[in-house]
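Pasted below: query.pdb, PDB, C-alpha atoms.
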```pdb
ATOM      1  CA  MET A   1       8.878   8.011   6.486
ATOM      2  CA  LYS A   2       7.842   6.807   9.966
ATOM      3  CA  ASN A   3       5.114   9.446  10.353
ATOM      4  CA  CYS A   4       3.791   8.456   6.943
ATOM      5  CA  VAL A   5       3.575   4.806   8.059
ATOM      6  CA  ASP A   6       1.778   5.871  11.243
ATOM      7  CA  ARG A   7      -0.822   7.708   9.169
ATOM      8  CA  VAL A   8      -1.290   4.747   6.836
ATOM      9  CA  LEU A   9      -1.815   2.495   9.871
ATOM     10  CA  GLN A  10      -4.413   4.901  11.268
ATOM     11  CA  MET A  11      -6.323   4.726   7.993
ATOM     12  CA  GLU A  12      -6.182   0.914   8.098
ATOM     13  CA  ALA A  13      -7.996   0.847  11.427
ATOM     14  CA  TYR A  14     -11.190   1.815   9.582
ATOM     15  CA  VAL A  15     -11.152  -1.150   7.215
ATOM     16  CA  ARG A  16     -10.915  -4.222   9.432
ATOM     17  CA  GLN A  17     -12.249  -7.481   8.021
ATOM     18  CA  ASP A  18     -13.411  -8.955  11.329
ATOM     19  CA  ASP A  19     -16.994  -7.629  11.223
ATOM     20  CA  GLN A  20     -19.574  -6.352   8.727
ATOM     21  CA  GLU A  21     -18.545  -2.733   9.193
ATOM     22  CA  GLY A  22     -14.975  -3.708   8.398
ATOM     23  CA  ARG A  23     -15.963  -5.745   5.339
ATOM     24  CA  ASN A  24     -17.968  -2.750   4.100
ATOM     25  CA  GLY A  25     -14.853  -0.635   4.569
ATOM     26  CA  VAL A  26     -12.747  -3.037   2.506
ATOM     27  CA  TYR A  27     -15.331  -2.967  -0.256
ATOM     28  CA  GLY A  28     -15.476   0.834  -0.047
ATOM     29  CA  VAL A  29     -11.710   1.179  -0.407
ATOM     30  CA  LEU A  30     -11.582  -1.143  -3.404
ATOM     31  CA  GLU A  31     -14.505   0.596  -5.095
ATOM     32  CA  ARG A  32     -13.843   4.266  -4.290
ATOM     33  CA  ALA A  33     -10.230   4.950  -3.323
ATOM     34  CA  ASP A  34      -8.009   6.690  -5.864
ATOM     35  CA  VAL A  35      -4.931   5.668  -3.870
ATOM     36  CA  VAL A  36      -4.836   2.284  -2.107
ATOM     37  CA  TRP A  37      -2.122   1.702   0.480
ATOM     38  CA  ALA A  38      -1.314  -1.925   1.357
ATOM     39  CA  VAL A  39       0.095  -2.900   4.757
ATOM     40  CA  TRP A  40       1.560  -6.211   5.925
ATOM     41  CA  SER A  41       4.377  -7.399   8.160
ATOM     42  CA  ASP A  42       7.099  -9.859   7.213
ATOM     43  CA  ASP A  43       8.212 -10.380  10.813
ATOM     44  CA  GLY A  44       4.900  -9.933  12.627
ATOM     45  CA  GLU A  45       5.958  -6.624  14.153
ATOM     46  CA  THR A  46       7.338  -4.151  11.613
ATOM     47  CA  PRO A  47       4.756  -2.798   9.154
ATOM     48  CA  VAL A  48       5.589  -2.717   5.454
ATOM     49  CA  VAL A  49       3.725  -0.202   3.287
ATOM     50  CA  ARG A  50       3.243  -0.188  -0.501
ATOM     51  CA  VAL A  51       0.964   1.775  -2.800
ATOM     52  CA  ILE A  52      -0.933  -0.717  -4.978
ATOM     53  CA  ARG A  53      -3.227   1.747  -6.760
ATOM     54  CA  GLY A  54      -2.811   5.349  -7.884
ATOM     55  CA  ARG A  55       0.978   5.498  -7.902
ATOM     56  CA  ASP A  56       0.936   8.219 -10.565
ATOM     57  CA  ARG A  57      -2.108  10.102  -9.296
ATOM     58  CA  ASP A  58      -1.810  13.538  -7.781
ATOM     59  CA  GLY A  59      -4.118  16.316  -6.682
ATOM     60  CA  PRO A  60      -5.857  17.644  -3.586
ATOM     61  CA  ASP A  61      -9.072  15.658  -4.081
ATOM     62  CA  LEU A  62      -7.663  12.118  -4.171
ATOM     63  CA  ARG A  63      -9.388   9.626  -1.893
ATOM     64  CA  HIS A  64      -7.059   7.399   0.131
ATOM     65  CA  GLY A  65      -7.700   4.019   1.717
ATOM     66  CA  THR A  66      -5.604   1.312   3.345
ATOM     67  CA  LEU A  67      -6.003  -2.455   3.375
ATOM     68  CA  GLU A  68      -4.149  -4.997   5.481
ATOM     69  CA  PHE A  69      -2.714  -8.136   3.894
ATOM     70  CA  GLU A  70      -0.803 -11.207   5.051
ATOM     71  CA  ASN A  71       2.061 -10.499   2.644
ATOM     72  CA  GLU A  72       3.092  -8.533  -0.420
ATOM     73  CA  LEU A  73       1.904 -11.204  -2.848
ATOM     74  CA  GLY A  74      -1.623 -11.006  -1.418
ATOM     75  CA  ALA A  75      -1.590  -7.233  -1.849
ATOM     76  CA  LEU A  76      -0.394  -7.422  -5.446
ATOM     77  CA  GLU A  77      -2.862 -10.167  -6.359
ATOM     78  CA  THR A  78      -5.744  -8.173  -4.870
ATOM     79  CA  ALA A  79      -4.674  -5.089  -6.814
ATOM     80  CA  SER A  80      -4.478  -7.115 -10.015
ATOM     81  CA  PHE A  81      -7.848  -8.779  -9.407
ATOM     82  CA  HIS A  82      -9.493  -5.363  -8.959
ATOM     83  CA  GLY A  83      -8.157  -3.859 -12.165
ATOM     84  CA  ASP A  84      -4.772  -2.480 -11.152
ATOM     85  CA  GLU A  85      -2.804  -4.795 -13.422
ATOM     86  CA  ILE A  86       0.808  -5.499 -12.526
ATOM     87  CA  GLY A  87       2.787  -6.976 -15.387
ATOM     88  CA  LEU A  88       5.189  -9.894 -15.349
ATOM     89  CA  LEU A  89       8.937  -9.903 -15.873
ATOM     90  CA  ALA A  90      10.521 -11.559 -18.909
ATOM     91  CA  ASP A  91      10.287 -14.984 -17.222
ATOM     92  CA  GLY A  92       6.487 -14.743 -17.452
ATOM     93  CA  ARG A  93       6.028 -15.752 -13.794
ATOM     94  CA  THR A  94       7.512 -13.063 -11.559
ATOM     95  CA  MET A  95       5.448  -9.939 -10.956
ATOM     96  CA  ASP A  96       7.121  -6.737 -12.099
ATOM     97  CA  VAL A  97       6.703  -4.954  -8.781
ATOM     98  CA  PRO A  98       6.900  -1.168  -9.229
ATOM     99  CA  GLU A  99       9.507   0.731  -7.245
ATOM    100  CA  PRO A 100       9.745   2.725  -5.116
ATOM    101  CA  ALA A 101       7.108   1.073  -2.968
ATOM    102  CA  VAL A 102       5.707   4.481  -2.061
ATOM    103  CA  PRO A 103       6.294   7.377  -4.480
ATOM    104  CA  GLN A 104       7.589  10.508  -2.751
ATOM    105  CA  HIS A 105       4.751  12.713  -4.007
ATOM    106  CA  LEU A 106       2.201  10.438  -2.289
ATOM    107  CA  ILE A 107       4.133  10.602   0.980
ATOM    108  CA  GLY A 108       3.980  14.380   0.716
ATOM    109  CA  HIS A 109       0.286  14.233  -0.105
ATOM    110  CA  LEU A 110      -0.459  12.012   2.894
ATOM    111  CA  MET A 111       1.523  14.252   5.243
ATOM    112  CA  SER A 112      -0.389  17.365   4.166
ATOM    113  CA  ASP A 113      -3.751  18.201   5.644
ATOM    114  CA  PRO A 114      -6.487  17.584   4.903
ATOM    115  CA  VAL A 115      -6.404  14.102   3.412
ATOM    116  CA  LEU A 116      -9.606  12.691   1.981
ATOM    117  CA  PHE A 117     -10.513   9.217   3.155
ATOM    118  CA  TYR A 118     -11.988   6.757   0.657
ATOM    119  CA  ASP A 119     -15.554   7.727   1.611
ATOM    120  CA  GLY A 120     -14.901  11.414   0.950
ATOM    121  CA  THR A 121     -14.565  12.487   4.586
ATOM    122  CA  GLU A 122     -11.511  14.381   5.789
ATOM    123  CA  MET A 123      -9.191  12.063   7.681
ATOM    124  CA  GLU A 124      -8.301  13.304  11.152
ATOM    125  CA  PHE A 125      -4.975  11.847  12.206
ATOM    126  CA  VAL A 126      -4.149  11.360  15.867
ATOM    127  CA  CYS A 127      -0.537  11.677  16.944
ATOM    128  CA  PRO A 128       0.336   8.377  18.681
ATOM    129  CA  PHE A 129       2.416  10.290  21.220
ATOM    130  CA  GLU A 130      -0.254  12.760  22.334
ATOM    131  CA  THR A 131      -1.321  12.576  25.960
ATOM    132  CA  GLU A 132      -4.188  14.250  27.717
ATOM    133  CA  ASP A 133      -3.442  16.979  30.203
ATOM    134  CA  ALA A 134      -3.929  15.920  33.807
TER     135      ALA A 134
END
```
This entry written out as structure tokens:
Amino acid sequence: MKNCVDRVLQMEAYVRQDDQEGRNGVYGVLERADVVWAVWSDDGETPVVRVIRGRDRDGPDLRHGTLEFENELGALETASFHGDEIGLLADGRTMDVPEPAVPQHLIGHLMSDPVLFYDGTEMEFVCPFETEDA
């Protein structure tokens, strides 16, 4: 699963919210991605990944995008606000969070090449352990 998380984090780098280009990326993911991956960290160091759109989608032409959130609730509320409704449990207050957080077929899809990014381009993943020859 670690390599999958690394790839999700590499996709997230394209959709920062700290400048106009990043805000455009966020909008692009929400408008065009078939599969939206959410990333946050509960401890400030370890990334947590969840698919908040397209859990049941499959196929070679799916567009993937990743958004960063402060916590899981923010991710789920954003998904719900943008049409990916998440129901409530019997108590009427607690969100019925789908499990597993990342379906196995989407992990397999992300680990295969090529992967389409939300804008339709092929995502080129960089191994974080690659070094240039001296």
Long-range neighbours of A:Gly54 as a ChimeraX atom specification, 9 Å cut-off, all atoms listed in the file, 4 positions minimum in chain: /A:33-36,58,84
Residue by residue, what does the PyMOL selection byres ((chain A and resi 115) around 10) grab here? Present the result as a PyMOL selection string. chain A and resi 60-64+109-114+116-118+120-125
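The residues caught by the PyMOL selection byres ((chain A and resi 105) around 10) in this file are Arg55, Asp56, Arg57, Asp58, Gly59, Val102, Pro103, Gln104, Leu106, Ile107, Gly108, His109, Leu110 and Met111 of chain A.
Distances to A:Leu30 were evaluated for A:Arg93, A:Asn71, A:Asn3, A:Arg53 using all atoms listed in the file, and the minimum falls at A:Arg53.
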Write out as a VMD selection string the residues lying within 12 Å of A:Gly87, counting only C-alpha atoms and excluding same-chain residues fewer than 3 positions away. chain A and resid 76 to 77 79 to 80 83 to 84 90 to 98
In Å, rounded to a single decimal, give me how far atom CA of A:Asp6 is from atom CA of A:Val48.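 Atom-to-atom, atom CA of A:Val48 and atom CA of A:Asp6 are spaced 11.0 Å apart.
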Choose the residue, out of A:Asp18, A:His82, A:Ile52, A:Ser41, that has the smallest atom-to-atom separation from A:Gly65; count only C-alpha atoms. A:Ile52
Subset file: stretch 1-89 of chain A, C-alpha atoms, as a CSV table (one decimal), in the first residue's frame:
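Once everything was written out, this is result29.csv:
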```
chain,number,residue,atom,x,y,z
A,1,MET,CA,0.0,0.0,0.0
A,2,LYS,CA,2.9,2.4,0.6
A,3,ASN,CA,3.7,2.8,-3.1
A,4,CYS,CA,0.1,3.6,-3.7
A,5,VAL,CA,0.2,6.3,-1.0
A,6,ASP,CA,3.4,7.7,-2.6
A,7,ARG,CA,1.6,8.0,-5.9
A,8,VAL,CA,-1.5,9.6,-4.4
A,9,LEU,CA,0.8,12.2,-2.7
A,10,GLN,CA,2.5,12.9,-6.0
A,11,MET,CA,-0.8,13.6,-7.6
A,12,GLU,CA,-1.7,16.0,-4.7
A,13,ALA,CA,1.3,18.1,-5.5
A,14,TYR,CA,-0.5,19.4,-8.6
A,15,VAL,CA,-3.6,20.7,-6.7
A,16,ARG,CA,-2.2,23.0,-4.0
A,17,GLN,CA,-4.5,25.7,-2.7
A,18,ASP,CA,-1.8,28.3,-2.0
A,19,ASP,CA,-1.9,30.1,-5.4
A,20,GLN,CA,-4.2,30.5,-8.4
A,21,GLU,CA,-2.8,27.6,-10.2
A,22,GLY,CA,-3.4,25.4,-7.2
A,23,ARG,CA,-7.0,26.7,-6.8
A,24,ASN,CA,-7.6,26.0,-10.5
A,25,GLY,CA,-6.3,22.4,-9.9
A,26,VAL,CA,-8.7,21.9,-7.0
A,27,TYR,CA,-11.6,23.1,-9.2
A,28,GLY,CA,-10.4,20.8,-12.0
A,29,VAL,CA,-10.3,17.8,-9.8
A,30,LEU,CA,-13.8,18.4,-8.4
A,31,GLU,CA,-15.3,19.1,-11.8
A,32,ARG,CA,-13.5,16.4,-14.0
A,33,ALA,CA,-12.0,13.6,-11.9
A,34,ASP,CA,-13.8,10.2,-12.0
A,35,VAL,CA,-11.9,9.1,-8.9
A,36,VAL,CA,-11.0,11.6,-6.2
A,37,TRP,CA,-8.4,10.6,-3.6
A,38,ALA,CA,-8.5,12.5,-0.3
A,39,VAL,CA,-5.3,12.9,1.8
A,40,TRP,CA,-4.9,14.2,5.4
A,41,SER,CA,-2.8,13.5,8.4
A,42,ASP,CA,-4.1,12.8,11.9
A,43,ASP,CA,-0.7,13.2,13.5
A,44,GLY,CA,0.9,15.8,11.2
A,45,GLU,CA,3.3,13.3,9.7
A,46,THR,CA,1.6,10.1,8.5
A,47,PRO,CA,-0.6,10.5,5.5
A,48,VAL,CA,-4.1,9.0,5.5
A,49,VAL,CA,-5.7,8.2,2.1
A,50,ARG,CA,-9.4,7.6,1.3
A,51,VAL,CA,-11.3,7.5,-2.0
A,52,ILE,CA,-14.2,10.0,-1.7
A,53,ARG,CA,-15.5,9.6,-5.3
A,54,GLY,CA,-15.6,6.8,-7.8
A,55,ARG,CA,-15.2,3.9,-5.4
A,56,ASP,CA,-17.1,1.6,-7.7
A,57,ARG,CA,-15.7,2.9,-11.0
A,58,ASP,CA,-13.3,0.9,-13.1
A,59,GLY,CA,-11.7,1.1,-16.5
A,60,PRO,CA,-8.6,2.3,-18.2
A,61,ASP,CA,-9.9,5.8,-19.0
A,62,LEU,CA,-10.7,7.0,-15.5
A,63,ARG,CA,-9.3,10.4,-14.6
A,64,HIS,CA,-7.8,10.6,-11.1
A,65,GLY,CA,-7.2,13.5,-8.9
A,66,THR,CA,-6.1,14.1,-5.3
A,67,LEU,CA,-7.1,16.8,-2.8
A,68,GLU,CA,-5.6,17.6,0.6
A,69,PHE,CA,-7.8,18.1,3.6
A,70,GLU,CA,-7.3,18.9,7.3
A,71,ASN,CA,-9.1,15.8,8.4
A,72,GLU,CA,-11.5,13.1,7.3
A,73,LEU,CA,-14.6,15.0,8.1
A,74,GLY,CA,-13.5,17.8,5.8
A,75,ALA,CA,-13.0,15.3,3.0
A,76,LEU,CA,-16.3,13.7,3.4
A,77,GLU,CA,-18.2,17.0,3.7
A,78,THR,CA,-16.5,18.2,0.5
A,79,ALA,CA,-17.5,15.0,-1.3
A,80,SER,CA,-21.0,15.4,-0.1
A,81,PHE,CA,-21.2,19.1,-1.1
A,82,HIS,CA,-20.0,18.2,-4.6
A,83,GLY,CA,-22.6,15.5,-5.2
A,84,ASP,CA,-21.0,12.4,-3.8
A,85,GLU,CA,-23.6,11.9,-1.1
A,86,ILE,CA,-22.5,9.9,1.9
A,87,GLY,CA,-25.5,8.7,4.0
A,88,LEU,CA,-26.0,8.7,7.7
A,89,LEU,CA,-26.1,5.9,10.2
```
